[in-house]
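Quick look at run.txt (compact mmCIF, C-alpha atoms):
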# COMPACT_ATOMS: atom_id res chain seq x y z
CA MET A 1 -181.67 -48.39 -16.32
CA THR A 2 -179.74 -51.12 -18.06
CA PHE A 3 -177.41 -53.72 -16.58
CA SER A 4 -174.54 -55.51 -18.20
CA SER A 5 -172.37 -58.54 -17.57
CA ARG A 6 -172.98 -61.24 -14.99
CA ILE A 7 -173.15 -61.85 -11.26
CA THR A 8 -170.92 -64.55 -9.82
CA ALA A 9 -172.29 -66.39 -6.78
CA PHE A 10 -170.38 -68.89 -4.66
CA TYR A 11 -172.32 -71.65 -2.90
CA ARG A 12 -171.15 -74.20 -0.37
CA VAL A 13 -172.96 -77.44 -1.19
CA ARG A 14 -173.09 -80.72 0.72
CA ALA A 15 -173.37 -83.66 -1.66
CA ASP A 16 -171.86 -86.95 -2.71
CA ALA A 17 -169.11 -86.56 -5.28
CA SER A 18 -171.18 -88.57 -7.75
CA ALA A 19 -174.10 -86.13 -7.44
CA ILE A 20 -172.43 -82.73 -7.15
CA GLU A 21 -172.51 -81.85 -10.87
CA ASP A 22 -176.24 -82.48 -11.05
CA LYS A 23 -176.81 -80.57 -7.83
CA ALA A 24 -174.76 -77.62 -9.08
CA ARG A 25 -176.75 -77.49 -12.32
CA ALA A 26 -179.96 -77.65 -10.27
CA VAL A 27 -178.88 -74.59 -8.25
CA ALA A 28 -177.99 -72.70 -11.43
CA ASN A 29 -181.40 -73.51 -12.89
CA GLU A 30 -183.29 -72.73 -9.68
CA GLN A 31 -181.62 -69.34 -9.32
CA SER A 32 -182.32 -68.30 -12.89
CA VAL A 33 -185.19 -69.76 -14.92
CA GLU A 34 -186.62 -72.34 -12.48
CA MET A 35 -187.93 -74.69 -15.18
CA PRO A 36 -186.72 -77.52 -17.44
CA LEU A 37 -184.33 -76.15 -20.04
CA GLU A 38 -185.84 -78.34 -22.75
CA ALA A 39 -189.10 -76.41 -22.31
CA ILE A 40 -187.38 -73.10 -23.21
CA SER A 41 -187.26 -72.17 -26.89
CA ASP A 42 -186.13 -68.55 -26.64
CA ALA A 43 -182.48 -68.36 -27.71
CA ARG A 44 -181.79 -65.22 -25.65
CA VAL A 45 -183.09 -66.80 -22.46
CA LEU A 46 -181.02 -69.91 -23.04
CA GLY A 47 -177.94 -67.92 -23.93
CA THR A 48 -177.95 -65.19 -21.29
CA ILE A 49 -180.56 -65.73 -18.56
CA VAL A 50 -179.97 -69.36 -17.65
CA GLY A 51 -177.45 -69.72 -14.82
CA ARG A 52 -174.10 -71.27 -15.68
CA VAL A 53 -171.99 -73.55 -13.51
CA GLU A 54 -168.51 -72.09 -13.88
CA SER A 55 -166.54 -74.31 -11.50
CA ILE A 56 -166.81 -76.88 -8.72
CA ASP A 57 -164.09 -77.22 -6.08
CA ASP A 58 -163.91 -80.08 -3.62
CA CYS A 59 -163.55 -78.70 -0.07
CA GLY A 60 -163.39 -82.14 1.51
CA GLN A 61 -165.72 -83.92 3.95
CA GLY A 62 -168.56 -83.97 1.45
CA GLU A 63 -168.61 -80.21 0.80
CA PHE A 64 -168.02 -78.39 -2.48
CA LEU A 65 -167.65 -74.74 -3.44
CA VAL A 66 -169.78 -74.16 -6.53
CA ARG A 67 -169.29 -71.02 -8.62
CA ILE A 68 -172.32 -70.03 -10.69
CA SER A 69 -172.77 -67.00 -12.93
CA LEU A 70 -176.18 -65.33 -13.24
CA SER A 71 -177.41 -62.59 -15.52
CA ALA A 72 -177.16 -59.18 -13.85
CA GLU A 73 -180.35 -58.20 -15.69
CA THR A 74 -182.37 -60.53 -13.48
CA ALA A 75 -181.59 -58.45 -10.35
CA GLY A 76 -183.25 -55.38 -11.85
CA GLY A 77 -181.21 -53.02 -9.67
CA GLU A 78 -183.42 -53.76 -6.66
CA ALA A 79 -182.00 -55.06 -3.38
CA GLY A 80 -184.61 -57.66 -2.54
CA GLN A 81 -184.61 -58.98 -6.09
CA LEU A 82 -180.83 -59.30 -6.05
CA LEU A 83 -181.06 -61.50 -2.95
CA ASN A 84 -183.92 -63.42 -4.56
CA MET A 85 -181.81 -64.21 -7.59
CA LEU A 86 -178.79 -65.09 -5.47
CA PHE A 87 -180.49 -67.38 -2.98
CA GLY A 88 -184.30 -67.20 -3.12
CA ASN A 89 -185.52 -70.75 -3.71
CA THR A 90 -182.17 -72.39 -3.03
CA SER A 91 -182.21 -71.09 0.55
CA ILE A 92 -184.91 -73.69 1.21
CA HIS A 93 -182.36 -76.47 0.67
CA ASP A 94 -180.52 -77.02 3.95
CA THR A 95 -177.56 -78.48 2.08
CA VAL A 96 -176.67 -75.18 0.39
CA SER A 97 -175.37 -71.88 1.79
CA LEU A 98 -174.51 -68.66 -0.03
CA GLU A 99 -170.85 -67.88 0.64
CA ASP A 100 -169.84 -64.89 -1.47
CA ILE A 101 -170.61 -62.83 -4.56
CA GLU A 102 -168.87 -60.81 -7.24
CA LEU A 103 -170.94 -58.06 -8.84
CA PRO A 104 -170.45 -56.22 -12.12
CA ALA A 105 -169.78 -52.49 -12.06
CA SER A 106 -173.33 -51.77 -13.23
CA LEU A 107 -174.88 -53.23 -10.07
CA LEU A 108 -172.27 -51.75 -7.75
CA GLU A 109 -173.08 -48.34 -9.19
CA ALA A 110 -176.82 -48.94 -8.98
CA PHE A 111 -176.78 -49.85 -5.28
CA GLY A 112 -174.08 -47.36 -4.35
CA GLY A 113 -173.00 -48.38 -0.86
CA PRO A 114 -173.17 -46.05 2.18
CA ARG A 115 -174.19 -42.44 1.59
CA VAL A 116 -172.58 -41.66 4.95
CA GLY A 117 -169.47 -43.83 5.10
CA MET A 118 -167.10 -44.91 7.82
CA ARG A 119 -164.84 -41.84 7.59
CA ALA A 120 -167.79 -39.45 7.65
CA LEU A 121 -169.16 -41.11 10.78
CA GLN A 122 -165.79 -40.89 12.50
CA ALA A 123 -165.51 -37.23 11.53
CA ARG A 124 -168.91 -36.46 13.04
CA ALA A 125 -167.65 -37.83 16.34
CA GLY A 126 -164.29 -36.06 16.02
CA ALA A 127 -162.62 -39.45 16.13
CA GLN A 128 -160.67 -40.01 12.91
CA HIS A 129 -157.82 -41.85 14.65
CA ARG A 130 -159.54 -43.89 17.35
CA ALA A 131 -162.32 -46.37 17.92
CA LEU A 132 -165.84 -45.06 18.50
CA SER A 133 -167.77 -45.94 21.64
CA CYS A 134 -171.44 -46.88 21.57
CA ALA A 135 -173.85 -47.71 24.39
CA ALA A 136 -177.23 -49.44 24.14
CA LEU A 137 -180.45 -48.01 25.57
CA LYS A 138 -182.43 -50.85 27.15
CA PRO A 139 -184.37 -52.78 28.36
CA GLN A 140 -187.61 -52.47 26.51
CA GLY A 141 -190.62 -52.29 28.79
CA LEU A 142 -189.42 -49.09 30.50
CA SER A 143 -191.36 -45.86 30.25
CA VAL A 144 -190.26 -42.98 28.05
CA ALA A 145 -189.13 -41.05 31.11
CA ALA A 146 -187.03 -43.97 32.38
CA LEU A 147 -185.34 -44.48 29.02
CA ALA A 148 -184.65 -40.77 28.68
CA ASP A 149 -183.07 -40.79 32.14
CA ILE A 150 -180.74 -43.63 31.13
CA ALA A 151 -179.90 -41.86 27.86
CA GLY A 152 -178.94 -38.72 29.76
CA ARG A 153 -176.76 -40.65 32.19
CA LEU A 154 -174.98 -42.44 29.35
CA ALA A 155 -174.44 -39.16 27.50
CA ARG A 156 -172.97 -37.52 30.60
CA GLY A 157 -170.43 -40.32 30.52
CA GLY A 158 -169.19 -38.97 27.20
CA VAL A 159 -169.94 -41.97 24.97
CA ASP A 160 -169.87 -41.22 21.20
CA PHE A 161 -173.18 -42.92 20.33
CA ILE A 162 -176.21 -44.15 22.22
CA LYS A 163 -178.42 -46.49 20.22
CA ASP A 164 -181.85 -47.83 21.06
CA ASP A 165 -182.06 -51.53 21.76
CA HIS A 166 -183.31 -53.18 18.57
CA GLY A 167 -186.41 -54.35 20.45
CA LEU A 168 -187.54 -50.76 21.04
CA ALA A 169 -190.10 -49.93 18.37
CA ASN A 170 -193.46 -48.19 18.74
CA GLN A 171 -194.85 -50.02 21.76
CA LEU A 172 -197.57 -48.52 23.94
CA TYR A 173 -195.22 -48.28 26.91
CA SER A 174 -192.70 -46.31 24.85
CA PRO A 175 -194.21 -44.72 21.71
CA PHE A 176 -191.58 -43.89 19.10
CA ALA A 177 -192.32 -40.17 18.76
CA GLU A 178 -192.40 -39.56 22.51
CA ARG A 179 -189.30 -41.65 23.17
CA VAL A 180 -187.24 -39.98 20.46
CA ALA A 181 -188.18 -36.48 21.58
CA ALA A 182 -187.42 -37.23 25.24
CA CYS A 183 -184.16 -39.13 24.63
CA ALA A 184 -182.90 -36.59 22.10
CA ALA A 185 -183.55 -33.78 24.58
CA ALA A 186 -181.79 -35.68 27.37
CA VAL A 187 -178.74 -36.32 25.19
CA ARG A 188 -178.63 -32.69 23.99
CA SER A 189 -178.73 -31.45 27.57
CA ALA A 190 -175.98 -33.84 28.67
CA SER A 191 -173.82 -32.97 25.66
CA ALA A 192 -174.10 -29.29 26.54
CA GLU A 193 -172.64 -30.17 29.95
CA THR A 194 -169.79 -32.37 28.66
CA GLY A 195 -168.97 -30.42 25.50
CA LEU A 196 -168.88 -33.74 23.61
CA PRO A 197 -170.98 -34.47 20.46
CA THR A 198 -172.76 -37.57 21.76
CA ARG A 199 -175.30 -38.81 19.22
CA TYR A 200 -178.55 -40.66 19.90
CA ALA A 201 -179.63 -43.26 17.31
CA PRO A 202 -183.27 -44.30 17.65
CA ASN A 203 -184.38 -47.64 16.29
CA VAL A 204 -186.60 -47.30 13.20
CA SER A 205 -188.92 -50.12 12.23
CA GLY A 206 -192.07 -51.16 10.41
CA ASN A 207 -193.05 -50.91 6.77
CA LEU A 208 -191.55 -48.44 4.30
CA ASP A 209 -194.07 -45.72 5.14
CA ASN A 210 -193.33 -46.12 8.86
CA LEU A 211 -189.59 -46.04 8.24
CA ARG A 212 -189.88 -42.81 6.26
CA GLN A 213 -192.05 -41.18 8.92
CA GLN A 214 -189.79 -42.24 11.79
CA ILE A 215 -186.55 -41.17 10.09
CA ALA A 216 -188.11 -37.83 9.19
CA LEU A 217 -189.19 -37.37 12.81
CA ALA A 218 -185.67 -38.18 13.98
CA CYS A 219 -184.28 -35.60 11.56
CA ASP A 220 -186.76 -33.03 12.89
CA GLU A 221 -185.29 -33.66 16.35
CA GLY A 222 -181.85 -32.79 14.98
CA LEU A 223 -180.64 -36.41 14.84
CA ASP A 224 -178.44 -37.69 12.03
CA THR A 225 -178.06 -41.38 13.00
CA VAL A 226 -180.57 -44.23 13.27
CA LEU A 227 -180.51 -47.95 14.05
CA ILE A 228 -182.23 -50.30 11.60
CA GLU A 229 -182.64 -54.07 11.15
CA PRO A 230 -182.33 -54.71 7.38
CA MET A 231 -183.45 -58.35 7.57
CA ILE A 232 -186.56 -57.40 9.58
CA CYS A 233 -187.74 -54.40 7.54
CA GLY A 234 -186.53 -55.91 4.26
CA LEU A 235 -183.48 -55.16 2.16
CA SER A 236 -185.47 -53.23 -0.44
CA ALA A 237 -186.96 -50.89 2.17
CA PHE A 238 -183.55 -50.54 3.80
CA HIS A 239 -181.86 -49.59 0.55
CA THR A 240 -184.66 -47.16 -0.31
CA VAL A 241 -184.38 -45.17 2.91
CA THR A 242 -180.59 -45.02 2.73
CA ARG A 243 -180.97 -43.37 -0.68
CA GLU A 244 -183.78 -41.01 0.35
CA PHE A 245 -182.17 -39.84 3.62
CA SER A 246 -178.69 -39.33 2.28
CA SER A 247 -177.34 -37.36 5.25
CA VAL A 248 -178.44 -39.95 7.83
CA ALA A 249 -176.02 -42.58 9.12
CA PHE A 250 -177.55 -46.05 9.32
CA LEU A 251 -176.33 -48.49 11.98
CA ALA A 252 -177.34 -51.94 10.70
CA HIS A 253 -178.35 -54.51 13.32
CA PRO A 254 -177.99 -58.25 12.57
CA ALA A 255 -181.38 -59.42 13.88
CA MET A 256 -182.62 -62.41 11.79
CA ALA A 257 -179.33 -62.54 9.87
CA GLY A 258 -178.62 -65.99 11.29
CA ALA A 259 -181.79 -67.41 9.79
CA ALA A 260 -180.71 -66.75 6.21
CA ARG A 261 -177.89 -69.33 5.81
CA ILE A 262 -175.83 -66.65 4.12
CA ALA A 263 -172.19 -66.40 5.22
CA PRO A 264 -171.97 -63.56 7.79
CA PRO A 265 -169.08 -61.77 6.02
CA LEU A 266 -171.20 -61.60 2.88
CA LEU A 267 -174.47 -60.56 4.52
CA LEU A 268 -173.27 -58.32 7.37
CA GLY A 269 -170.11 -57.10 5.66
CA LYS A 270 -170.74 -56.87 1.92
CA LEU A 271 -174.51 -56.77 1.36
CA PHE A 272 -175.42 -54.44 4.25
CA ARG A 273 -172.59 -52.16 3.07
CA LEU A 274 -173.72 -52.38 -0.56
CA PHE A 275 -177.27 -51.33 0.34
CA GLY A 276 -176.20 -48.37 2.50
CA ALA A 277 -175.09 -49.32 6.03
CA THR A 278 -172.74 -46.82 7.65
CA ALA A 279 -171.85 -49.31 10.41
CA THR A 280 -172.58 -53.01 10.73
CA ILE A 281 -173.19 -54.51 14.17
CA PHE A 282 -172.15 -58.13 14.74
CA PRO A 283 -171.35 -60.38 17.71
CA HIS A 284 -167.69 -60.46 18.65
CA TYR A 285 -166.00 -63.75 19.41
CA GLY A 286 -166.28 -64.97 22.99
CA GLY A 287 -169.58 -63.25 23.80
CA ARG A 288 -172.99 -64.87 23.97
CA PHE A 289 -173.01 -65.78 20.25
CA GLY A 290 -170.88 -68.30 18.43
CA TYR A 291 -168.93 -66.44 15.75
CA SER A 292 -165.30 -67.50 15.40
CA LEU A 293 -162.39 -65.06 15.35
CA GLU A 294 -161.97 -65.85 11.65
CA THR A 295 -165.60 -64.97 10.91
CA CYS A 296 -165.33 -61.71 12.88
CA ASN A 297 -162.16 -60.78 11.00
CA GLU A 298 -163.79 -61.57 7.65
CA ILE A 299 -166.83 -59.40 8.51
CA ALA A 300 -164.55 -56.50 9.38
CA ARG A 301 -162.54 -56.94 6.17
CA ALA A 302 -165.67 -57.18 4.00
CA SER A 303 -167.03 -53.97 5.49
CA ARG A 304 -163.80 -51.94 5.30
CA ASP A 305 -161.69 -53.26 2.42
CA GLU A 306 -161.54 -51.44 -0.90
CA TRP A 307 -164.50 -52.51 -3.03
CA ALA A 308 -164.80 -50.82 -6.41
CA GLY A 309 -164.77 -47.34 -4.86
CA LEU A 310 -167.70 -47.89 -2.44
CA ASP A 311 -167.36 -46.09 0.87
CA ALA A 312 -166.27 -48.30 3.74
CA CYS A 313 -168.70 -49.43 6.43
CA LEU A 314 -167.58 -49.32 10.08
CA PRO A 315 -167.43 -52.71 11.88
CA ALA A 316 -169.24 -52.61 15.23
CA PRO A 317 -168.41 -55.65 17.38
CA ALA A 318 -170.93 -56.22 20.16
CA GLY A 319 -172.52 -58.95 22.26
CA GLY A 320 -170.88 -59.63 25.62
CA VAL A 321 -168.31 -56.83 25.34
CA THR A 322 -166.86 -55.96 28.75
CA MET A 323 -164.34 -53.40 29.97
CA ASP A 324 -161.58 -55.96 30.40
CA ARG A 325 -161.82 -56.95 26.71
CA LEU A 326 -161.32 -53.50 25.19
CA THR A 327 -157.57 -53.78 24.63
CA GLU A 328 -158.00 -57.25 23.08
CA ILE A 329 -160.74 -55.96 20.75
CA LEU A 330 -158.68 -52.95 19.64
CA GLU A 331 -155.63 -55.12 18.99
CA PHE A 332 -157.72 -57.53 16.92
CA TYR A 333 -159.64 -55.05 14.73
CA GLY A 334 -157.52 -51.92 14.84
CA PRO A 335 -158.92 -48.43 15.52
CA ASP A 336 -161.46 -48.30 12.65
CA ILE A 337 -164.33 -49.80 14.64
CA MET A 338 -167.27 -48.89 16.85
CA VAL A 339 -167.24 -50.84 20.12
CA LEU A 340 -170.76 -51.45 21.38
CA MET A 341 -171.36 -52.18 25.06
CA GLY A 342 -174.85 -52.72 26.46
CA GLY A 343 -175.37 -54.83 29.56
CA GLY A 344 -171.71 -54.41 30.50
CA LEU A 345 -172.47 -50.76 31.23
CA LEU A 346 -176.06 -50.96 32.41
CA ALA A 347 -175.13 -53.50 35.07
CA ALA A 348 -173.33 -50.64 36.86
CA GLY A 349 -176.69 -49.35 38.13
CA GLU A 350 -176.25 -46.11 40.06
CA ARG A 351 -172.68 -45.87 38.78
CA LEU A 352 -173.80 -45.92 35.14
CA THR A 353 -172.40 -42.48 34.27
CA GLU A 354 -169.06 -43.22 35.92
CA GLU A 355 -168.73 -46.61 34.21
CA THR A 356 -169.66 -45.08 30.86
CA GLU A 357 -167.06 -42.37 31.38
CA THR A 358 -164.42 -45.04 31.99
CA PHE A 359 -165.50 -46.86 28.81
CA ALA A 360 -165.42 -43.72 26.68
CA ARG A 361 -162.12 -42.48 28.09
CA ARG A 362 -160.45 -45.85 27.58
CA LEU A 363 -161.39 -45.88 23.89
CA ARG A 364 -160.22 -42.29 23.51
CA GLY A 365 -156.95 -43.20 25.16
CA LEU A 366 -156.22 -46.54 23.52
CA ARG A 367 -153.88 -46.16 20.55
CA LEU A 368 -152.24 -48.82 18.41
As structure tokens, how would this structure be written, given the file I've shared?
Amino acid sequence: MTFSSRITAFYRVRADASAIEDKARAVANEQSVEMPLEAISDARVLGTIVGRVESIDDCGQGEFLVRISLSAETAGGEAGQLLNMLFGNTSIHDTVSLEDIELPASLLEAFGGPRVGMRALQARAGAQHRALSCAALKPQGLSVAALADIAGRLARGGVDFIKDDHGLANQLYSPFAERVAACAAAVRSASAETGLPTRYAPNVSGNLDNLRQQIALACDEGLDTVLIEPMICGLSAFHTVTREFSSVAFLAHPAMAGAARIAPPLLLGKLFRLFGATATIFPHYGGRFGYSLETCNEIARASRDEWAGLDACLPAPAGGVTMDRLTEILEFYGPDIMVLMGGGLLAAGERLTEETETFARRLRGLRL
């Protein structure tokens, strides 16, 4: 496989005006050859591999937007290596953040985006013209039987998707294989009662071998959707399984995304989409996390906007979502979203099915 042209990376850099040019050149060097240029004698390396500072814009208050071009060859068509070349060593500097990227057609084609895109996910739920509803199965620490009971009650409420909490893995109190079999059976039984195609998305985790085994087990149970944490399992493993299990929808969870100092619209919107996410989960403004409305809007745009023919990825706002915020959320994002409610439903206790039914019906009924 060969790669052509260059990657453009945009960095926000804190520096004195007198030092910004040197700092920009240092980032370009660090993210390409990582050695003194005078020690390099190879003309090809100097001419094509060394990073180039293309522009520096003063953003005010001691911050600059630095545009650097990097050789697309250095990414090698591998997800982890692309991130390494974009921000590997430079991420150690707390004065620099990675803000955005522009990729050549060769890399866009190599990574491919979602194999199951936003429209396909909506079609599976029979919801092409409305928002999808999603509930969270938690807390961890419960037995398999207890989790399966909650899954069945949520499914009887008619929600579109039920995802594992991202903390559910392969713990002794809830082994993956047993949990998936029990929860899938509970959801199937409830769906037969309601006549609605509620889908259960188990959380897959661990190394690449574990991910493959768990996704295959989920498929054997008749499931076609899983939850995954790309920054926990690794972007390379994430991209690999999205290619290998091409009929599976991957709901990407943002765990550890805040530790990367990469702008959320780029990481959760563009990169997760590029590597195969069907939906990207992120905290909506006003919940228990601190994203602004502007950041939430930019994540949604990055995941859904036209991008060189890649399938769109469905934004999934979450984190502190409550029933009284549904209209506000729909008005802000529009209908092409998945609304994820966890504790807001589970707090209903014995009325869990009734509260879930209200949630699901409201999203089916809300139109813009």
Size and centre in Å, one decimal, axis-aligned box, all listed range 178-186 of chain A atoms plus 8 Å per side, as lines of an AutoDock Vina configuration file:
center_x = -187.1
center_y = -37.7
center_z = 23.9
size_x = 26.6
size_y = 23.9
size_z = 22.9
*Closest of A:Asn203, A:Ser174, A:Ser191, A:Thr327 to Ser143 in chain A - atom-to-atom distances counting all atoms listed in the file*: A:Ser174
*Within 10 Å of Gln214 in chain A, counting all atoms listed in the file, which residues qualify if same-chain residues fewer than 5 places away don't, as a PyMOL selection string?*
chain A and resi 170+176-177+180+202-206+208-209+219-220+226
*Could you list as a ChimeraX atom specification every residue that has an atom within 9 Å of (-165.8, -81.4, -5.7), using the file's coordinates and counting only C-alpha atoms?*
/A:15-17,20-21,56-60,62-66
*If we count all atoms listed in the file, what is near range 268-283 of chain A at a cut-off of 7 Å, once residues fewer than 3 positions away on the same chain are taken out, given as a ChimeraX atom specification?*
/A:111-118,239,242,249-254,264-265,287,289,291,299-300,302-303,313-319
Any idea what's packed within 6 Å of Cys134 in chain A, counting only C-alpha atoms, ignoring anything in its chain fewer than 6 positions away? Could you give it as a PDB file with C-alpha atoms, in the frame of the given file?
ATOM      1  CA  ASP A 160    -169.870 -41.220  21.200  1.00  0.00           C
ATOM      2  CA  PHE A 161    -173.180 -42.920  20.330  1.00  0.00           C
ATOM      3  CA  ILE A 162    -176.210 -44.150  22.220  1.00  0.00           C
ATOM      4  CA  VAL A 339    -167.240 -50.840  20.120  1.00  0.00           C
ATOM      5  CA  LEU A 340    -170.760 -51.450  21.380  1.00  0.00           C
TER       6      LEU A 340
END
_Proximity to Leu147 in chain A - best of A:Glu328, A:Glu109, A:Tyr200, A:Thr95, only C-alpha atoms_ =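 Ranking A:Glu328, A:Glu109, A:Tyr200, A:Thr95 by distance to Leu147 in chain A, first place goes to A:Tyr200.
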*Selected residue, from A:Leu137, A:Ser32, A:Met341, A:Tyr11, that lies nearest to Gln81 in chain A when counting all atoms listed in the file*: A:Ser32
*Got a sec: who's within 9 Å of Thr90 in chain A, counting all atoms listed in the file, leaving out chain neighbours fewer than 6 positions off, as a ChimeraX atom specification?*
/A:27,30-31,96-97
*Do you have the CA of Leu266 in chain A-CA of Ala125 in chain A distance handy?*
27.5 Å
*asked:* Using only C-alpha atoms for the distances, tell me which of A:Gly77, A:Val187, A:Gln61, A:Thr48 is nearest to Leu108 in chain A.
replied: A:Gly77
*Separation of CA of Thr295 in chain A and CA of Arg12 in chain A, in Å?*
15.6 Å
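For the residues A:Ile329, A:Leu37, A:Met256, A:Ala312, ranking by smallest atom-to-atom distance to Leu121 in chain A using only C-alpha atoms places A:Ala312 first.
Ranking A:Arg288, A:Lys138, A:Arg199, A:Arg188 by their shortest atom-to-atom distance to Ala169 in chain A, with all atoms listed in the file included, puts A:Lys138 first.
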*Would you kindly return, as a PyMOL selection string, each protein, DNA or RNA residue with an atom no farther than 12 Å from any atom of Asn84 in chain A, considering all atoms listed in the file and excluding same-chain residues fewer than 3 positions away?*
chain A and resi 30-32+70+74-81+87-92+98+234-236+260
*Could you tell me how far CA of Asp165 in chain A lies from CA of Val248 in chain A, in Å and to one decimal?*
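Between CA of Asp165 in chain A and CA of Val248 in chain A the gap works out to 18.5 Å.
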*Counting all atoms listed in the file, select every polymer residue within 12 Å of (-168.8, -31.0, 27.0) as defined in the file's coordinates, and provide the selection as a ChimeraX atom specification.*
/A:155-160,187-198
